[in-house]
Amino acid sequence: MTLLITGATGFIGRHLCARLTAREQPVLALMRHPQALAKLRATVDRLGGNSHYLDALPGDLDAPDLGLTGSPPPLDAVVHLGARFGWRLPAEAARRTNVSGSLAVARLARHQHCRLVFISGFMLENQRHLKRLGIDGEDPAAIDWQRVYRRAGAYEASKMEAAITVRWRLRNEDWVEVQPATVAGHSLNGDLDPAQPLHTLIDNLARGRLAMIPGGPGHWLPLIPVDTLAAIIDHAIRVPAPPRRILGLDPGTPNLKPMLSLIAETLGCRAPGLHFPIPLLAHLLRLPALARFANTEPEALHFIQPERFDLSATTPFLERTGVRLPPMPQVLRASARHYLESHGRTSEKRQGSR
Ligand SMILES: NC(=O)c1ccc[n+]([C@@H]2O[C@H](COP(=O)([O-])OP(=O)(O)OC[C@H]3O[C@@H](n4cnc5c(N)ncnc54)[C@H](OP(=O)(O)O)[C@@H]3O)[C@@H](O)[C@H]2O)c1
């Protein structure tokens, strides 16, 4: 069984490759910079995988038909994690990588007659949010995407357009959509990439940039540890007849205020106590200088919300596959400890180079 993974070099992709190769699963990583394979192999080994089972397939989500030079070997599944992630992305670039790229990956899976596991995001299950953006119904052609891009920002809008269009185009094929919450560090060692949104939140807290809590007492930022998400994706690849959509989200994630207190306690810093309305904060952060000063972008605030999610399709899948959600306080402490350790290492390196 050979799997093709896009986004293998990313934070989730690296952990997924480690999990899959540890059980001797051959993995082909679609890489736009295949010369980085040696680095990826070293990372996968460090994360407990077996890089002997990992190879690269040169390809680019931005290129027509993924820029593949020949046909890939027969595949048993394609996992699509690759995406252009960032705030204030130009709509055209986000659409090219995240929408056209996803459609090209979906065509490849269809051509190979294999399962597509594609990774969207938990906000695709926030019905009130979808309605506010003007997303109603399943036909992508009936949605005013320009309005969605204006309201949600290009990253989130392009992820939504990709998911809704892939579902529509592959209606009768074998696909599973995994919808992760914001990704937290590894549940045991806290490994968390500095480019991850939760890392930015921890960094802001550590540096005293988070003077108030965005939203009210009921607001939360749903999380999922990276290793639990990798386990969910692994089972989504393999189980017969999985649900169409699986929410990778721990409903036991504390609300934002207790979550920040817990992280602050591990960091040894003060947690903010006062709430601040999100619409007002989003308005203020439209000023780029203020957003830079606060190290927060208005688009990032959408993910902090009071909505609770329907897990009626996901819970039986987790029970069937034996995936357990580790206690979230443990995950948050591990992520904060990892931040402290890697931050200490960075300052030591800086001092050493002086
Ligand atoms: N992290 C989260 O909190 C979160 C939450 C919900 C959903 N998701 C979704 O989960 C997926 C993975 O997230 P992540 O946090 O692991 O992302 P990440 O660390 O930012 O990694 C992105 C990956 O996409 C690849 N990529 C970007 N542009 C590409 C292109 N043109 N051609 C080929 N590959 C390209 C990157 O490869 P290079 O090494 O070449 O740059 C990298 O491997 C994304 O689809 C994201 O939207 C993430």
# chains A, B, ... in the order shown; residues from 1 in each chain; ligands from 1
>>> closest_atom_pairs(of="chain A", to="ligand 1", cutoff="9 Å", atoms="only C-alpha atoms and all ligand atoms", output="Markdown table")
| residue | atom | partner | partner_atom_place_in_ligand_line | distance |
| --- | --- | --- | --- | --- |
| A:Thr6 | CA | ligand 1 | 34 (N) | 6.0 |
| A:Gly7 | CA | ligand 1 | 43 (O) | 3.2 |
| A:Ala8 | CA | ligand 1 | 43 (O) | 4.8 |
| A:Thr9 | CA | ligand 1 | 43 (O) | 3.8 |
| A:Gly10 | CA | ligand 1 | 21 (O) | 3.2 |
| A:Phe11 | CA | ligand 1 | 16 (O) | 3.8 |
| A:Ile12 | CA | ligand 1 | 16 (O) | 3.8 |
| A:Gly13 | CA | ligand 1 | 16 (O) | 5.5 |
| A:Arg14 | CA | ligand 1 | 16 (O) | 7.7 |
| A:His15 | CA | ligand 1 | 16 (O) | 8.8 |
| A:Leu30 | CA | ligand 1 | 33 (C) | 6.6 |
| A:Met31 | CA | ligand 1 | 33 (C) | 5.7 |
| A:Arg32 | CA | ligand 1 | 33 (C) | 5.1 |
| A:His33 | CA | ligand 1 | 40 (O) | 5.8 |
| A:Pro34 | CA | ligand 1 | 40 (O) | 8.6 |
| A:Ala36 | CA | ligand 1 | 39 (O) | 8.1 |
| A:Pro58 | CA | ligand 1 | 33 (C) | 9.0 |
| A:Gly59 | CA | ligand 1 | 33 (C) | 6.5 |
| A:Asp60 | CA | ligand 1 | 32 (N) | 3.7 |
| A:Leu61 | CA | ligand 1 | 32 (N) | 3.8 |
| A:Asp62 | CA | ligand 1 | 31 (N) | 4.6 |
| A:Ala63 | CA | ligand 1 | 31 (N) | 7.5 |
| A:Leu66 | CA | ligand 1 | 32 (N) | 7.7 |
| A:His80 | CA | ligand 1 | 45 (O) | 7.1 |
| A:Leu81 | CA | ligand 1 | 11 (C) | 4.2 |
| A:Gly82 | CA | ligand 1 | 24 (O) | 3.4 |
| A:Ala83 | CA | ligand 1 | 24 (O) | 4.3 |
| A:Arg84 | CA | ligand 1 | 27 (C) | 4.7 |
| A:Phe85 | CA | ligand 1 | 20 (O) | 5.4 |
| A:Gly86 | CA | ligand 1 | 20 (O) | 8.1 |
| A:Arg96 | CA | ligand 1 | 31 (N) | 8.5 |
| A:Thr97 | CA | ligand 1 | 31 (N) | 5.5 |
| A:Asn98 | CA | ligand 1 | 45 (O) | 7.9 |
| A:Gly101 | CA | ligand 1 | 31 (N) | 7.6 |
| A:Phe118 | CA | ligand 1 | 45 (O) | 8.0 |
| A:Ile119 | CA | ligand 1 | 45 (O) | 5.4 |
| A:Ser120 | CA | ligand 1 | 7 (C) | 5.4 |
| A:Gly121 | CA | ligand 1 | 6 (C) | 4.3 |
| A:Phe122 | CA | ligand 1 | 6 (C) | 6.6 |
| A:Met123 | CA | ligand 1 | 6 (C) | 8.5 |
| A:Tyr155 | CA | ligand 1 | 47 (O) | 8.0 |
| A:Glu156 | CA | ligand 1 | 47 (O) | 8.1 |
| A:Lys159 | CA | ligand 1 | 47 (O) | 6.5 |
| A:Val178 | CA | ligand 1 | 7 (C) | 8.6 |
| A:Gln179 | CA | ligand 1 | 7 (C) | 6.5 |
| A:Pro180 | CA | ligand 1 | 6 (C) | 4.4 |
| A:Ala181 | CA | ligand 1 | 5 (C) | 5.2 |
| A:Thr182 | CA | ligand 1 | 3 (O) | 3.6 |
| A:Val183 | CA | ligand 1 | 3 (O) | 3.9 |
| A:Ala184 | CA | ligand 1 | 3 (O) | 7.3 |
| A:Asp193 | CA | ligand 1 | 19 (O) | 7.5 |
| A:Ala195 | CA | ligand 1 | 19 (O) | 7.0 |
| A:Gln196 | CA | ligand 1 | 1 (N) | 5.7 |
| A:Pro197 | CA | ligand 1 | 3 (O) | 6.2 |
| A:Leu198 | CA | ligand 1 | 3 (O) | 7.3 |
| A:Leu223 | CA | ligand 1 | 3 (O) | 8.1 |
| A:Ile224 | CA | ligand 1 | 3 (O) | 8.4 |
| A:Val226 | CA | ligand 1 | 1 (N) | 8.5 |
| A:Gly248 | CA | ligand 1 | 6 (C) | 8.7 |
>>> residues_around(residues="stretch 313-322 of chain A", least_positions_apart="2", cutoff="12 Å", atoms="only C-alpha atoms", output="ChimeraX atom specification")
/A:125,176-180,228-229,231-251,309-311,324-325
>>> closest_residue(among="A:Gln35, A:Ser312, A:Ser342, A:Asn204", to="A:Asn189", atoms="only C-alpha atoms")
A:Ser342
>>> select_by_dssp(residues="stretch 15-116 of chain A", states="helix (DSSP H, G or I)", output="PyMOL selection string")
chain A and resi 15-22+34-46+51-53+64-67+91-112
>>> residues_around(residues="A:Arg337", least_positions_apart="6", cutoff="12 Å", atoms="only C-alpha atoms", output="ChimeraX atom specification")
/A:185-192,199,202-203,206,262-268,330-331,343-344
>>> closest_residue(among="A:Leu287, A:His275, A:Leu205, A:Leu124", to="A:Ser261", atoms="only C-alpha atoms")
A:Leu205
>>> closest_residue(among="A:Gly134, A:Gly273, A:Pro225, A:Pro254", to="A:Ala334", atoms="only C-alpha atoms")
A:Pro225
>>> select_by_dssp(residues="stretch 138-301 of chain A", states="strand (DSSP E)", output="ChimeraX atom specification")
/A:175-180,182-184,213-214,223-225,245-248,275-276
>>> write_last_selection(atoms="N, CA and C atoms", output="compact mmCIF listing (two decimals), in the first residue's frame")
# COMPACT_ATOMS: atom_id res chain seq x y z
N TRP A 175 -14.16 9.59 -0.60
CA TRP A 175 -13.39 10.66 0.05
C TRP A 175 -13.81 10.82 1.50
N VAL A 176 -12.89 11.33 2.29
CA VAL A 176 -13.15 11.66 3.70
C VAL A 176 -12.57 13.04 3.94
N GLU A 177 -13.33 13.86 4.63
CA GLU A 177 -12.84 15.21 4.97
C GLU A 177 -12.55 15.25 6.46
N VAL A 178 -11.29 15.53 6.82
CA VAL A 178 -10.94 15.69 8.24
C VAL A 178 -10.88 17.19 8.52
N GLN A 179 -11.60 17.62 9.56
CA GLN A 179 -11.77 19.05 9.83
C GLN A 179 -11.10 19.42 11.16
N PRO A 180 -9.81 19.77 11.12
CA PRO A 180 -9.12 20.00 12.39
C PRO A 180 -9.48 21.34 13.03
N THR A 182 -7.86 24.23 15.75
CA THR A 182 -6.49 24.77 15.81
C THR A 182 -5.59 23.71 16.44
N VAL A 183 -4.42 23.52 15.81
CA VAL A 183 -3.59 22.39 16.23
C VAL A 183 -2.70 22.78 17.42
N ALA A 184 -2.76 21.95 18.46
CA ALA A 184 -1.91 22.15 19.64
C ALA A 184 -0.69 21.26 19.52
N ILE A 213 -8.66 39.50 27.18
CA ILE A 213 -9.08 38.24 26.57
C ILE A 213 -10.06 38.55 25.43
N PRO A 214 -9.73 38.17 24.19
CA PRO A 214 -10.69 38.43 23.11
C PRO A 214 -11.98 37.64 23.32
N LEU A 223 -9.25 23.10 20.20
CA LEU A 223 -7.91 22.59 19.88
C LEU A 223 -7.93 21.08 19.64
N ILE A 224 -6.85 20.61 19.00
CA ILE A 224 -6.61 19.16 18.85
C ILE A 224 -5.08 18.97 18.88
N PRO A 225 -4.57 18.06 19.71
CA PRO A 225 -3.12 17.84 19.70
C PRO A 225 -2.67 17.23 18.37
N ARG A 245 -17.34 13.20 7.00
CA ARG A 245 -16.65 14.32 7.65
C ARG A 245 -16.31 13.95 9.08
N ILE A 246 -15.07 14.20 9.47
CA ILE A 246 -14.62 13.89 10.83
C ILE A 246 -14.07 15.17 11.43
N LEU A 247 -14.64 15.57 12.56
CA LEU A 247 -14.15 16.79 13.23
C LEU A 247 -12.99 16.44 14.14
N GLY A 248 -11.83 17.00 13.85
CA GLY A 248 -10.68 16.79 14.72
C GLY A 248 -10.68 17.89 15.76
N HIS A 275 -12.23 40.82 29.71
CA HIS A 275 -12.64 40.46 28.35
C HIS A 275 -12.74 41.71 27.47
N PHE A 276 -12.57 41.49 26.17
CA PHE A 276 -12.66 42.60 25.21
C PHE A 276 -13.48 42.14 24.02
>>> closest_residue(among="A:Arg209, A:Asp136, A:Ala152, A:Asp227", to="A:Val323", atoms="only C-alpha atoms")
A:Asp227
>>> residues_around(residues="A:Arg107", least_positions_apart="5", cutoff="10 Å", atoms="only C-alpha atoms", output="PDB file with N, CA and C atoms, in the first residue's frame")
ATOM      1  N   ASP A  65      -1.879  20.570 -13.170  1.00  0.00           N
ATOM      2  CA  ASP A  65      -1.793  19.118 -12.904  1.00  0.00           C
ATOM      3  C   ASP A  65      -0.655  18.775 -11.952  1.00  0.00           C
ATOM      4  N   GLY A 101      -5.181  23.904  -6.494  1.00  0.00           N
ATOM      5  CA  GLY A 101      -4.292  22.814  -6.059  1.00  0.00           C
ATOM      6  C   GLY A 101      -5.103  21.647  -5.507  1.00  0.00           C
ATOM      7  N   SER A 102      -6.122  21.940  -4.680  1.00  0.00           N
ATOM      8  CA  SER A 102      -6.951  20.864  -4.101  1.00  0.00           C
ATOM      9  C   SER A 102      -7.722  20.122  -5.191  1.00  0.00           C
ATOM     10  N   GLN A 112      -6.683   7.680  -9.940  1.00  0.00           N
ATOM     11  CA  GLN A 112      -6.047   6.494  -9.341  1.00  0.00           C
ATOM     12  C   GLN A 112      -7.074   5.541  -8.727  1.00  0.00           C
ATOM     13  N   HIS A 113      -8.351   5.928  -8.743  1.00  0.00           N
ATOM     14  CA  HIS A 113      -9.428   5.129  -8.122  1.00  0.00           C
ATOM     15  C   HIS A 113      -9.098   4.832  -6.659  1.00  0.00           C
ATOM     16  N   LEU A 116      -9.503   9.658  -1.211  1.00  0.00           N
ATOM     17  CA  LEU A 116      -8.905  10.966  -0.928  1.00  0.00           C
ATOM     18  C   LEU A 116      -9.256  11.353   0.502  1.00  0.00           C
ATOM     19  N   VAL A 166     -14.539  20.424  -3.691  1.00  0.00           N
ATOM     20  CA  VAL A 166     -14.088  19.016  -3.775  1.00  0.00           C
ATOM     21  C   VAL A 166     -15.263  18.087  -3.459  1.00  0.00           C
ATOM     22  N   ARG A 169     -17.541  18.023  -6.540  1.00  0.00           N
ATOM     23  CA  ARG A 169     -16.984  17.346  -7.727  1.00  0.00           C
ATOM     24  C   ARG A 169     -16.828  15.841  -7.498  1.00  0.00           C
ATOM     25  N   LEU A 170     -16.553  15.433  -6.236  1.00  0.00           N
ATOM     26  CA  LEU A 170     -16.296  14.003  -5.974  1.00  0.00           C
ATOM     27  C   LEU A 170     -17.513  13.322  -5.341  1.00  0.00           C
TER      28      LEU A 170
END
>>> atom_distance(atom1="atom CA of A:Met160", atom2="atom CA of A:Pro222")
17.9 Å
>>> residues_around(residues="A:Thr2", least_positions_apart="5", cutoff="8 Å", atoms="only C-alpha atoms", output="PyMOL selection string")
chain A and resi 25-28+74-77
>>> residues_around(residues="stretch 139-143 of chain A", least_positions_apart="6", cutoff="9 Å", atoms="only C-alpha atoms", output="PyMOL selection string")
chain A and resi 161+164-165+168
>>> residues_around(residues="A:Thr296", least_positions_apart="2", cutoff="10 Å", atoms="only C-alpha atoms", output="list of chain:residue names")
A:Trp87, A:Pro197, A:Thr200, A:Leu201, A:Asn204, A:Arg209, A:Leu210, A:Leu281, A:Ala282, A:Leu285, A:Pro288, A:Leu290, A:Ala291, A:Arg292, A:Phe293, A:Ala294, A:Pro298, A:Glu299, A:Ala300, A:Leu301
>>> closest_residue(among="A:Leu68, A:Ala18, A:Val79, A:Ala230", to="A:Asn50", atoms="only C-alpha atoms")
A:Ala18
